Amino acid sequence: MPELPEVETVRRGLEQKLNKFIIKKVEVCKDSTVSFPANKEEFIIGLRNSLIYKWDRRGKYLIAQLKKVQNENVQFYLENSQNNGFLVVHLRMTGYFKFIENSTHPCKHTRIRFFDKNNNELRYIDVRSFGQMWWINKDLSLNKIIKGLGSLGPEPFSKEFDANYLKKVISKRTKSIKAILLDQTIVAGIGNIYADESLYSAGISPFREARTINKNELIKLKESIVTVLKKSIGSGGTTFSDFRDLEGENGNFGLQTNVYRRTGKECRKCGNLIEKRKITGRSTHWCPKCQK
């Protein structure tokens, strides 16, 4: 599943490519991709004549701010258009966007298509069809409609996410620190790859009970999380997931991982062999010598 760096890479690509993109037509190829409103026609009608004004990210959710456009004069719609709510997207396992100039016939995995007046297309493709989209009217609350969005913990790059916060939320928890990092209500956006890489960088065993980790270790863990995520964003995400950016490319971070999917290979620090074991059903990679 795309994690924070992949979703952030997509957000940046959408923001750059869809400058002043006004949705003139929407084609829903698979009804189940639309999670809200329940009636797909309401989704289609609600999005028509919407300027995609700005793209944000919260955890693994993409959030487009929309403005209703009546007049397509550039200066007029920027100054006088009204709020038209939000288009929210969760890519899940295999979802990705593709921007196509002069629209072509869609592939069989195309789920939703957005067109502008020039027939440029923003196409949402999803092989496994787990991805979701919501059009949230301006009078409704995103957090109430999308429960997962409302329950997210702080962003790793936010001021709220620091060693004091981590100490507070894990002080009595007997779960493994790896399981804690995967809990989206504790910290938003971290998944399997970046949990493994961050713990390796911090020198902390993924199997440690969260409550046993001291303040200095938490300071290092917080710094490792931020460093690993920033490095991956700079590399355009990972090659290991089904993630694709707007140009159809996957990321380069997979070429640089220290433990993830390096089972049986030598640790880059100590030469010990990287091991793999499952934690709460997730494959976990670590170096037994470097991580304590």
# chains A, B, ... in the order shown; residues from 1 in each chain; ligands from 1
>>> residues_around(residues="Glu275 in chain A", least_positions_apart="4", cutoff="6 Å", atoms="only C-alpha atoms", output="PyMOL selection string")
chain A and resi 263+285-286
>>> write_last_selection(atoms="C-alpha atoms", output="compact mmCIF listing (two decimals), in the first residue's frame")
# COMPACT_ATOMS: atom_id res chain seq x y z
CA THR A 263 16.24 -10.87 4.07
CA HIS A 285 12.80 -6.94 8.52
CA TRP A 286 15.59 -6.15 10.97
>>> residues_around(residues="Lys25 in chain A", least_positions_apart="6", cutoff="7 Å", atoms="only C-alpha atoms", output="PyMOL selection string")
chain A and resi 48+114-116
>>> closest_residue(among="A:Leu273, A:Val259, A:Val10, A:Leu166", to="Arg211 in chain A", atoms="only C-alpha atoms")
A:Leu166
>>> atom_distance(atom1="CA of Val69 in chain A", atom2="CA of Thr33 in chain A")
25.2 Å
>>> closest_residue(among="A:Ile23, A:Ile145, A:Ile180, A:Ile100", to="Lys117 in chain A", atoms="only C-alpha atoms")
A:Ile23
>>> atom_distance(atom1="CA of Lys24 in chain A", atom2="CA of Asn49 in chain A")
5.2 Å
>>> residues_around(residues="Val169 in chain A", least_positions_apart="2", cutoff="12 Å", atoms="only C-alpha atoms", output="list of chain:residue names")
A:Gly153, A:Pro154, A:Phe161, A:Asp162, A:Ala163, A:Asn164, A:Tyr165, A:Leu166, A:Lys167, A:Ser171, A:Lys172, A:Arg173, A:Thr174, A:Lys175, A:Ile177, A:Ile180, A:Leu181, A:Asp183, A:Thr185, A:Ile186, A:Val187, A:Ala210, A:Arg211, A:Ile213, A:Leu218
>>> select_by_dssp(residues="range 164-255 of chain A", states="alpha helix (DSSP H)", output="PyMOL selection string")
chain A and resi 164-170+177-182+192-202+215-234
>>> residues_around(residues="range 130-140 of chain A", least_positions_apart="2", cutoff="10 Å", atoms="only C-alpha atoms", output="PyMOL selection string")
chain A and resi 32-38+40+42-44+46-47+61-67+82-96+111-112+124-128+142-146
